[in-house]
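Data first, discussion second: the structure below is written as structure tokens.
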Amino acid sequence: MRRIITRNWISGITKKLQWFKRGAWGIWFIDPPKDVSLDGHRIDSVIQYTDTVITIYFGIVVLALIYFIFKYRTRPGHKAVYDKGNSKKHVSISVVMGLLVFFSIDVVIESMSFRDLKEAFWNFPKGDDVIRIEVMPQQFKWNFRYPGDDERFGPESFSDMNSDEVWDEDESFIDANGNGYWDPSDDIVLMSEMHIPVNRPVVIQIAPYDVIHSFFLPNFRVKIDATPGMVNAMWFQAKETGVFEIACAELCGNSHYMMKGKLVVESEEDYNKWLRSQEIEGPRDDWYDPDYGLFHWGWEWKEVI
Amino acid sequence: MTHKEQSFISKYIFSTDHKVIGKQFLWMGLFFLLLGGFQALLIRWQLGHPEQQVPIWLFGSYLFEDGMMTSDHYNQLITMHGTIMIFWAITPLLIGAFGNFVIPLQIGAPDMVFPKLNMFSFWTFFLSGVVLVASYFLPGGTAAAGWTSYPPLSTPVGGIPGLGQVFWTLSITLMGAATMMGAINYITTIIRSRAPGMGYFKMPLTIWGLFLTSILNAIFVPVIAAGLILLLLDNVLGTNFFIAGGTASIAGGDPLLYQHVFWIFGHPEVYILILPAWGIVSDLLSVFSRKPAFGYKVTAICMCVIVALSTVVWGHHMYTTGMSPLLGKAFMFLTLLISIPSSIFFLNWLGTLWRGNLKFEPPMLFAIAVLWVFGLGGLTGLYNATVTSDIYLHDTMFVVGHFHYTMAASVLLGGLAAIYFWFPKMFGKSMNPLLGKLHFWASFIPLNLVFFNMMVMGYAGHHRRIFNPMEYEFLKPLAGLNEFVTTMAIILGAAQFIFVFNFIYSMAKGKKAEVNPWKAATLEWTVEAPIPHGNFAAVPTVYNGPHEYSHPGVSDRDWIAQSEPLPAEG
């Protein structure tokens with residue numbers, strides 16, 4: 001018995017030492033979350049390039065600083081050189097070095113970034129292949145909407161989501177102006193869990209119910225803000241299956257830290273199976289309440305971009 | 001230029017003497033610095049030891065029920081920590097205290113141009129502090145929507161109870177009014193009251209920094225004031241300027257507008273805070289290298305260029321708001337342009353040290369530390385300026401680490417350098433240099449371990465403003481690092497007691513300071529402390545630039561004051 005206690009005590013110390021080591025050398029031990037996306041490596045490589053170059057420049061600065069501190073420290077007999085550094089030579093050297101920094105770091109990362117934005121992040125995929133999902137965050141959960149059989153999100157537009165009209169099943173296909181609605185009941189509405197198939201581009205459109213949230217996928221290196229009154233869009237593609245976390249990156253209230261979601265990346269087969277199971281049960285489960293406004297969110301998919 | 005005898009109240013409380021007002025700002029700034037620092041420790045405690053009682057030496061059981069912090073407390077803490085540090089600690093320390101104390105003395109003026117406005121500025125500022133502190137006694141607690149207070153979270157629909165947000169908005173608006181008064185005063189004084197002979201390019205760089213800061217303040221504080229008044233209306237009158245979506249009572253508000261207004265002010269605000277520190281550091285490096293500031297004119301011009309650029313880059317705070325690609329690229333390009341003037345004047349700082357005669361007094365140590373932290377902070381800004389890397393790093397601890405390096409560390413260390421440097425002139429006593437050096441090392445090392453590791457955590461995906469990072473699987477590996485950072489933050493906090501002790505002890509029992517203990521060339525060192533109301537017995541005439549050190553024409557000493565004519569070149 002005594003022995004076990006001693007061993008625990010020792011392992012406690014070892015653990016403490018370990019965290020100290022990990023802490024002190026955090027940068028050498030901690031990697032970003034595993035990148036499972038098609039384009040995440042682009043962001044990683046911009047970061048790595050910047051890491052490398054600024055380490056070199058900062059290293060030079062630190063070496064110069066240490067050298068100056070040692071070489072020019074005050075001591076008997078040592079005098080400063082009266083030099084205002086205003087000569088053309090000095091000014092042009094510092095301007096040239098400034099430009100060197102600009103062209104070796106800024107211009108490179110800028111062109112990398114522009115290229116990646118053009119080729120990937122702001123180049124939205126089109127075509128039948130694309131999975132479309134609408135996301136509506138609210139304090140403090142994520143709502144997801146899939147278009148269902150009719151391939152349309154409906155029926156209400158975002159602006160009158162708060163209108164007083166209560167959903168009436170009998171009149172569900174005609175609004176006050178005599179315009180037809182499409183049946184929303186085939187939409188698949190989920191809370192806090194999002195399913196996507198692997199290796200297919202996913203486009204999300206996002207608008208929150210109440211305050212600003214931010215849809216952050218650490219494993220995909222992307223995030224997009226959700227601002228009330230506007231619909232934002234983002235796309236990503238998974239290259240591995242698994243379950244990943246969705247985080248809210250914008251302070252949204254006292255339970256902001258618990259506002260997480262689950263992103264399930266499945267094989268095409270599993271995804272279709274899951275989708276079918278959702279369609280059969282549909283939103284008219286026992287939890288579906290037609291009077292509950294939050295089931296009526298959704299907006300017509302915006303094909304611009 | 002003598003002033004008649006004054007009563008205690010008009011001499012020390014409602015004083016119009018810039019030196020007294022400067023000290024009033026100093027006391028207030030130091031008080032709020034301690035308060036903000038204490039809040040930082042509470043925040044760090046929660047992140048390093050989630051779901052554990054806040055210990056008694058952090059007043060855990062007095063502040064929270066059962067000593068357990070809730071997420072409401074946490075959000076209030078992060079909001080007030082940011083707000084207090086930016087607006088009530090750094091602003092009064094560097095702009096209020098040293099702006100007031102140093103500007104008239106360094107330009108050879110008897111006082112500010114508008115002494116009464118100066119007094120009103122302080123008392124408005126004091127009132128704003130009272131309103132802010134009063135919000136702690138509200139039933140719902142203080143504001144809790146972050147120091148940026150993005151609506152709709154900061155409006156009634158955001159679900160944060162109580163009047164905290166109203167008090168916050170009011171106090172910042174009042175603070176803005178005080179800052180405006182100060183800015184107008186500083187600009188006018190610097191333009192109108194320079195001693196004969198002091199051209200713009202003979203002003204110390206400290207004055208350049210404060211001058212540019214005041215210009216930015218005068219232009220951009222009204223912008224945030226306008227935004228905050230709209231936010232106030234949303235909060236108290238039920239308007240919908242910044243409310244939209246499902247909770248809006250009428251259509252038409254735009255939360256994004258607030259972000260634009262906020263950052264049009266907010267980005268220049270970064271430079272408002274850092275420019276005085278840059279100026280002070282540029283001067284101090286020259287004083288303690290016994291050598292003229294390298295490329296003085298170029299440094300001044302670079303600061304002007306940065307000020308101009310800082311007004312057109314606010315969009316880089318908003319890359320993830322769904323900004324139009326064209327705007328995103330434009331903001332990125334403009335932001336990256338700042339690195340040209342920044343690297344030029346950074347090189348000038350190194351150039352000042354080059355071939356100097358470096359004296360490592362406490363102000364010099366802190367000034368060199370600013371070089372270090374600003375170098376790191378500036379370079380890590382590149383990640384945030386780049387749209388793609390910012391998509392990942394935005395709203396993570398990386399941003400927190402980055403702006404603590406640029407804003408907190410450089411401004412704080414710059415401010416401490418300024419306190420160590422001007423203390424003899426302000427109080428007529430010298431501070432203990434040994435304790436000063438101890439304070440330096442005990443602050444500088446843990447400070448780096450705190451802020452650098454914040455960036456490491458941000459790179460690992462740790463997002464900002466979360467009460468308990470252990471909620472997320474992907475943040476579990478960071479538990480050890482979080483705990484380590486907390487320990488370092490506590491050491492950093494404890495080290496400040498060395499400073500507090502040194503400050504108070506030196507003021508009471510310190511050795512009487514010489515007129516010019518650092519052998520500096522600027523005008524404030526030509527008058528003996530305590531400086532009378534009215535400053536100079538006779539208006540000085542300026543002959544030289546501010547950094548005439550080790551001039552070959554002077555043989556008996558290595559400096560020559562700005563008001564002494566140089567010996568004829570031979």
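Here's how to read the names in the structure tokens: chain A, B, ... by the order shown, residue numbers from 1 in each chain, ligand numbers from 1 in the order shown.
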Using the chain letters and numbers from this document, which residues of region 29-164 of chain A does DSSP assign to helix (DSSP H, G or I), as a PyMOL selection string?
chain A and resi 29+40-71+88-121+158-160
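The list of residues with at least one atom within 6 Å of region 40-57 of chain A, based on only C-alpha atoms and without residues fewer than 4 positions apart in the same chain, reads Phe220 and Arg221 of chain A; Thr388 and Ser389 of chain B.
Proximity ranking of B:Leu326, B:Ile280, B:Val527, B:Ala408 relative to chain A places B:Leu326 first, based on only C-alpha atoms.
Going from CA of Thr227 (chain A) to CA of Glu119 (chain A) covers 25.6 Å.
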Nearby residues (only C-alpha atoms) at most 10 Å from Ile224 (chain A), same-chain spacing under 6 positions excluded, as a ChimeraX atom specification
/A:204-206,213-217,232-235,248-250 /B:319-322,391-392,394
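Distance check against chain B using only C-alpha atoms: of A:Asp39, A:Glu245, A:Asp150, A:Glu240, the minimum falls on A:Glu245.
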Residues near Ala521 (chain B), cut-off 6 Å, only C-alpha atoms, skip fewer than 6 positions along chain, as a PyMOL selection string
chain B and resi 560-562
Would you kindly return, as number ranges by chain, each protein, DNA or RNA residue with an atom no farther than 6 Å from any atom of region 456-464 of chain B, considering only C-alpha atoms and excluding same-chain residues fewer than 4 positions away?
A: 27, 31-32, 218, 249; B: 395-398
Could you write those residues out with N, CA and C atoms, as a compact mmCIF listing (two decimals), in the first residue's frame?
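Output saved as again07.txt:
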```txt
# COMPACT_ATOMS: atom_id res chain seq x y z
N ILE A 27 6.76 25.56 -28.03
CA ILE A 27 6.79 25.69 -29.48
C ILE A 27 7.32 24.44 -30.16
N ASP A 31 1.83 20.94 -31.99
CA ASP A 31 1.50 21.10 -33.39
C ASP A 31 0.09 21.64 -33.49
N PRO A 32 -0.22 22.26 -34.61
CA PRO A 32 -1.63 22.62 -34.82
C PRO A 32 -2.45 21.35 -35.00
N PRO A 218 -10.98 24.06 -36.76
CA PRO A 218 -9.52 24.06 -36.59
C PRO A 218 -8.82 23.05 -37.49
N ALA A 249 -15.76 30.97 -32.67
CA ALA A 249 -14.56 31.76 -32.44
C ALA A 249 -14.86 33.20 -32.06
N ASP B 395 -8.99 35.65 -34.25
CA ASP B 395 -9.76 35.28 -33.06
C ASP B 395 -9.16 34.09 -32.30
N THR B 396 -7.86 33.86 -32.46
CA THR B 396 -7.21 32.85 -31.63
C THR B 396 -6.26 33.55 -30.66
N MET B 397 -5.67 32.77 -29.78
CA MET B 397 -4.70 33.30 -28.84
C MET B 397 -3.48 33.87 -29.55
N PHE B 398 -3.29 33.49 -30.81
CA PHE B 398 -2.17 34.07 -31.57
C PHE B 398 -2.32 35.58 -31.63
```
Give me, please, the distance in Å between CA of Val270 (chain B) and CA of Gly378 (chain B), quoted to one decimal.
12.0 Å
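The smallest atom-to-atom distance between Ile188 (chain A) and any of A:Trp297, A:Tyr209, A:Phe121, A:Tyr257, using only C-alpha atoms, is found for A:Trp297.
Residues in contact range of region 199-207 of chain B, defined as at most 6 Å between only C-alpha atoms, with sequence neighbours fewer than 6 positions away removed, read B:Gly279, B:Ile280, B:Gly545, B:Pro546.
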Please identify the strand (DSSP E or B) residues within region 48-274 of chain A (assignment by DSSP from backbone atoms) and present them as a PyMOL selection string.
chain A and resi 73+131-138+141-146+174+180+188-191+193-197+201-206+213-217+222-226+232-238+242-248+260-266
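Among the candidates A:Phe153, A:Phe140, A:Tyr146, A:Trp299, the one nearest to Ala207 (chain A) when counting only C-alpha atoms is A:Trp299.
Of note, CA of Ala64 (chain A) and CA of Asn384 (chain B) are spaced 26.6 Å apart.
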If we count only C-alpha atoms, what is near region 481-488 of chain B at a cut-off of 6 Å, once residues fewer than 2 positions away on the same chain are taken out, given as a PyMOL selection string?
(chain A and resi 23) or (chain B and resi 44+48+446+450+478-479+490-491)
